[in-house]
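Engineer: After the structure tokens below, expect a handful of questions from me.
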Amino acid sequence: MKTIYKYIMNLAVGTLVAGGMSSCSDFLQEYSQDLSKVESWQDLDEVLIGSAYLQPSAMAATGRNGDDIECLHFMSDEIKQTFVNEYDNHNYQSTMYSYYTWQPEMGYNPLKKYVGGDDNYWNNLYGKINVCNMVIYLIDEQPENDKDDAVQKQRVKGEAYFLRAAYYFLLANMYAKPYDPATAASTPGVPVKTTEFVQDQEYVRESLSTTYSRIIDDLSQAESLLNGTPVKSLHRATYSAALLLKSRVYLYMQDWKNAARYASLTLDQNRRLLDLHTKTAGDDCVYLSSPETLFSMGGYRIADIFSDNVDDFGNKLSPHFCVSDEMNSKFSAGDLRSQLYIGKSEVLGVSPVFIKRNGQFSKRSTISDVSSTFLLRTPEAYLILAEASAFDNNENLARTTLESFMNTRYEEAVSVSQSGNDLIDLIREERAREFILEGHRWFDLRRYTVCKPYPWSKTIEHAHGYYAATGPWGIKEFSYAEVFRLEEFDEGYTLPIPRPVREFQPSIGNNTRPQRDVVRVDRPDDTGGGGQGGGFPDLEW
């Protein structure tokens with residue numbers, strides 16, 4: 001039996017920084033409970049389940065749990081605050097303030113005070129990478145009593161490679177600039193560690209091209225190891241999941257041929273789509289047993305912020321967030337998603353709220369079986385194939401692929417005739433509609449800024465509301481909102497390296513982010529102020 005103190009991976013940049021584990025000994029103790037008694041592949045399989053996969057979240061639990069990477073939703077153009085009341089059932093108004101307003105540093109609350117927590121995502125992802133490193137190192141040494149043991153060991157190893165690739169991909173798209181093939185070799189990526197042993201060293205960021213090469217290498221390992229192995233659950237990495245994630249990585253790299261190739265390979269495994277003609281408003285449209293679900297991990301807690309509520313005193317409380325005006329306007333009347341993905345809240349009739357993955361009041365006690373930040377579905381393979389083909393001078397394939405997908409999303413049959421940038425615009429708009437609040441939009445907005453055939457960016461405004469006590473009961477009502485703006489091609493599309501990480505490992509450096517000043521103040525008597533920040537939701541009191 002191996003002692004954990006010899007083999008535990010001490011990735012200082014990930015889990016031993018201030019604000020993460022409280023001390024080195026705590027970190028070793030936590031993981032020694034899982035790994036110090038490894039005697040079989042089954043033990044490592046359990047370690048993967050409990051410590052390497054993103055965990056689901058209970059939508060109605062007190063406080064936030066699970067591994068949802070919520071900040072992705074708050075930085076994009078998909079949501080806005082409602083300003084109806086101060087009710088905020090998960091305290092996102094405070095904890096997401098720095099992300100929502102694109103501040104130069106994370107970890108600040110609305111009072112502009114540093115409260116920490118900006119390293120939570122970094123620590124969590126690197127902590128899971130640590131576990132993957134250990135599983136990859138130990139799995140080959142586990143005993144084999146029969147052929148099934150050999151197959152299961154192969155599956156466990158493949159899952160670990162898949163997860164490590166996924167986490168480095170997330171880190172690279174949060175803490176490094178978008179991948180530009182012309183500059184990736186000289187652009188800092190993220191620190192990468194794949195060994196299982198302790199290294200007492202100063203960490204630096206490898207180049208973005210090297211970071212992505214390592215991600216592709218891990219996915220190639222996963223692809224080889226998971227091909228032909230048994231599928232335990234769609235909550236576990238599979239061969240199809242590896243193909244689709246690899247296709248996504250190539251798309252971000254602007255490697256159109258390989259992106260199209262792996263999207264096609266994914267569709268060879270499963271090309272089924274959920275026909276939205278079979279759904280009615282209020283039905284979940286993303287769920288584990290859907291014919292188009294390939295893999296999911298994590299939770300869908302973000303759906304809960306669009307739920308209104310009734311408190312213990314019978315007071316009806318409005319959701320604190322709505323779907324943004326611009327996102328709402330992307331859905332046309334003939335688009336089935338205009339009634340299935342967005343709609344009205346069930347208690348107060350607040351509109352538009354997100355109902356695609358239903359987090360409404362009557363369903364808030366459920367645990368989501370799919371994720372808002374790591375869900376792999378066949379529509380992505382269709383849309384990657386369409387986009388990559390369009391950029392690779394195969395517009396006929398792009399159009400026919402897009403039609404096959406869109407015919408399951410619109411009331412009437414769709415005929416795609418666009419070409420050139422108009423075709424690309426259609427594909428990008430379809431991605432925005434189809435993947436609303438699935439974690440794609442922020443990453444898409446990033447990569448469009450460096451897309452060499454057709455670069456594109458936009459201005460986004462977010463308004464953060466403040467509330468003041470009024471009346472004899474001290475009830476807080478909306479007072480004013482500070483509006484912040486993300487400019488076109490803004491450096492704010494890349495997160496800063498968390499402050500505790502920089503302080504612990506100065507060699508990692510930081511990303512440049514501009515100062516974010518208030519561009520205007522909106523008040524209750526304003527008509528909206530324009531942009532993403534202004535406007536009030538429709539209410540049916």
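Identifiers for the structure tokens are assigned positionally: chains receive A, B, ... in sequence, residues are indexed from 1 per chain, and ligands are indexed from 1 in the order shown.
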Compile the contact shell of Ile424 of chain A as a PDB file with N, CA and C atoms, in the first residue's frame: residues with an atom at most 9 Å away, counting only C-alpha atoms, same-chain residues fewer than 3 positions apart removed.
Structural biologist:
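Saved the output as out.pdb:
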```pdb
ATOM      1  N   ALA A 386     -21.575  22.914 -38.462  1.00  0.00           N
ATOM      2  CA  ALA A 386     -22.021  23.994 -39.340  1.00  0.00           C
ATOM      3  C   ALA A 386     -21.006  25.137 -39.355  1.00  0.00           C
ATOM      4  N   GLU A 387     -20.554  25.568 -38.185  1.00  0.00           N
ATOM      5  CA  GLU A 387     -19.620  26.695 -38.111  1.00  0.00           C
ATOM      6  C   GLU A 387     -18.273  26.358 -38.740  1.00  0.00           C
ATOM      7  N   ALA A 390     -18.578  26.124 -42.510  1.00  0.00           N
ATOM      8  CA  ALA A 390     -18.725  27.438 -43.132  1.00  0.00           C
ATOM      9  C   ALA A 390     -17.387  28.147 -43.242  1.00  0.00           C
ATOM     10  N   PHE A 391     -16.571  28.071 -42.212  1.00  0.00           N
ATOM     11  CA  PHE A 391     -15.257  28.711 -42.244  1.00  0.00           C
ATOM     12  C   PHE A 391     -14.265  27.950 -43.121  1.00  0.00           C
ATOM     13  N   GLN A 418     -28.366  31.576 -46.494  1.00  0.00           N
ATOM     14  CA  GLN A 418     -27.320  32.568 -46.250  1.00  0.00           C
ATOM     15  C   GLN A 418     -25.944  32.038 -46.647  1.00  0.00           C
ATOM     16  N   SER A 419     -25.043  32.964 -46.891  1.00  0.00           N
ATOM     17  CA  SER A 419     -23.658  32.624 -47.199  1.00  0.00           C
ATOM     18  C   SER A 419     -22.756  33.670 -46.577  1.00  0.00           C
ATOM     19  N   GLY A 420     -21.459  33.391 -46.590  1.00  0.00           N
ATOM     20  CA  GLY A 420     -20.486  34.344 -46.069  1.00  0.00           C
ATOM     21  C   GLY A 420     -20.730  34.691 -44.615  1.00  0.00           C
ATOM     22  N   ASN A 421     -20.531  35.956 -44.282  1.00  0.00           N
ATOM     23  CA  ASN A 421     -20.700  36.400 -42.905  1.00  0.00           C
ATOM     24  C   ASN A 421     -22.143  36.297 -42.434  1.00  0.00           C
ATOM     25  N   ILE A 427     -25.418  31.210 -37.562  1.00  0.00           N
ATOM     26  CA  ILE A 427     -24.908  30.141 -36.688  1.00  0.00           C
ATOM     27  C   ILE A 427     -24.634  30.686 -35.292  1.00  0.00           C
ATOM     28  N   ARG A 428     -24.040  31.860 -35.213  1.00  0.00           N
ATOM     29  CA  ARG A 428     -23.751  32.446 -33.907  1.00  0.00           C
ATOM     30  C   ARG A 428     -25.037  32.769 -33.152  1.00  0.00           C
ATOM     31  N   GLU A 429     -26.047  33.251 -33.853  1.00  0.00           N
ATOM     32  CA  GLU A 429     -27.325  33.544 -33.204  1.00  0.00           C
ATOM     33  C   GLU A 429     -28.009  32.256 -32.749  1.00  0.00           C
ATOM     34  N   TYR A 454     -13.541  36.208 -39.208  1.00  0.00           N
ATOM     35  CA  TYR A 454     -14.655  37.125 -38.993  1.00  0.00           C
ATOM     36  C   TYR A 454     -14.696  37.552 -37.531  1.00  0.00           C
TER      37      TYR A 454
END
```
Engineer: Identify which of the residues A:Asp118, A:Thr229, A:Thr512, A:Val450 lies closest to Lys147 of chain A, counting only C-alpha atoms when measuring atom-to-atom distances.
Structural biologist: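 Answer, going by the shortest atom-to-atom distance: A:Thr229.
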Engineer: Using DSSP secondary structure from the backbone, list all strand (DSSP E or B) positions within segment 316-471 of chain A, as a PyMOL selection string.
Structural biologist: chain A and resi 316-317+321-323+335+342-343+351+353-354+367+375-377+410+460-470
Engineer: Show which residues sit within 10 Å of Gly334 of chain A, as an MDAnalysis selection string. Count only C-alpha atoms, and ignore same-chain residues fewer than 4 positions away.
Structural biologist: chainID A and resid 338:339 409:412
Engineer: Now that the selection is made, can you save its residues with N, CA and C atoms as a PDB file, in the first residue's frame?
Structural biologist:
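Now in selection.pdb:
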```pdb
ATOM      1  N   SER A 338     -39.005  30.167 -28.037  1.00  0.00           N
ATOM      2  CA  SER A 338     -39.514  31.420 -27.480  1.00  0.00           C
ATOM      3  C   SER A 338     -40.561  31.190 -26.399  1.00  0.00           C
ATOM      4  N   GLN A 339     -41.168  30.000 -26.375  1.00  0.00           N
ATOM      5  CA  GLN A 339     -42.136  29.643 -25.347  1.00  0.00           C
ATOM      6  C   GLN A 339     -41.622  28.569 -24.398  1.00  0.00           C
ATOM      7  N   ARG A 409     -36.435  22.963 -34.007  1.00  0.00           N
ATOM      8  CA  ARG A 409     -36.555  24.120 -33.112  1.00  0.00           C
ATOM      9  C   ARG A 409     -37.588  25.143 -33.579  1.00  0.00           C
ATOM     10  N   TYR A 410     -38.070  25.050 -34.812  1.00  0.00           N
ATOM     11  CA  TYR A 410     -39.006  26.027 -35.350  1.00  0.00           C
ATOM     12  C   TYR A 410     -40.322  25.369 -35.743  1.00  0.00           C
ATOM     13  N   GLU A 411     -41.389  26.157 -35.672  1.00  0.00           N
ATOM     14  CA  GLU A 411     -42.721  25.633 -35.985  1.00  0.00           C
ATOM     15  C   GLU A 411     -42.800  25.130 -37.416  1.00  0.00           C
ATOM     16  N   GLU A 412     -42.244  25.888 -38.349  1.00  0.00           N
ATOM     17  CA  GLU A 412     -42.280  25.545 -39.763  1.00  0.00           C
ATOM     18  C   GLU A 412     -40.908  25.068 -40.236  1.00  0.00           C
TER      19      GLU A 412
END
```
Engineer: Residues near segment 179-190 of chain A, anyone? I mean within 9 Å using only C-alpha atoms, not counting same-chain ones fewer than 6 positions away, as JSON, numbers by chain.
Structural biologist: {"A": [168, 171, 172, 173, 204, 205, 206, 207, 208, 209, 210, 211, 212, 252, 253, 254, 255, 447, 450, 451, 452, 508]}
Engineer: For atom CA of Ala241 of chain A and atom CA of Gln154 of chain A, quote the distance in Å rounded to one decimal.
Structural biologist: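 Atom CA of Ala241 of chain A sits 15.9 Å away from atom CA of Gln154 of chain A.
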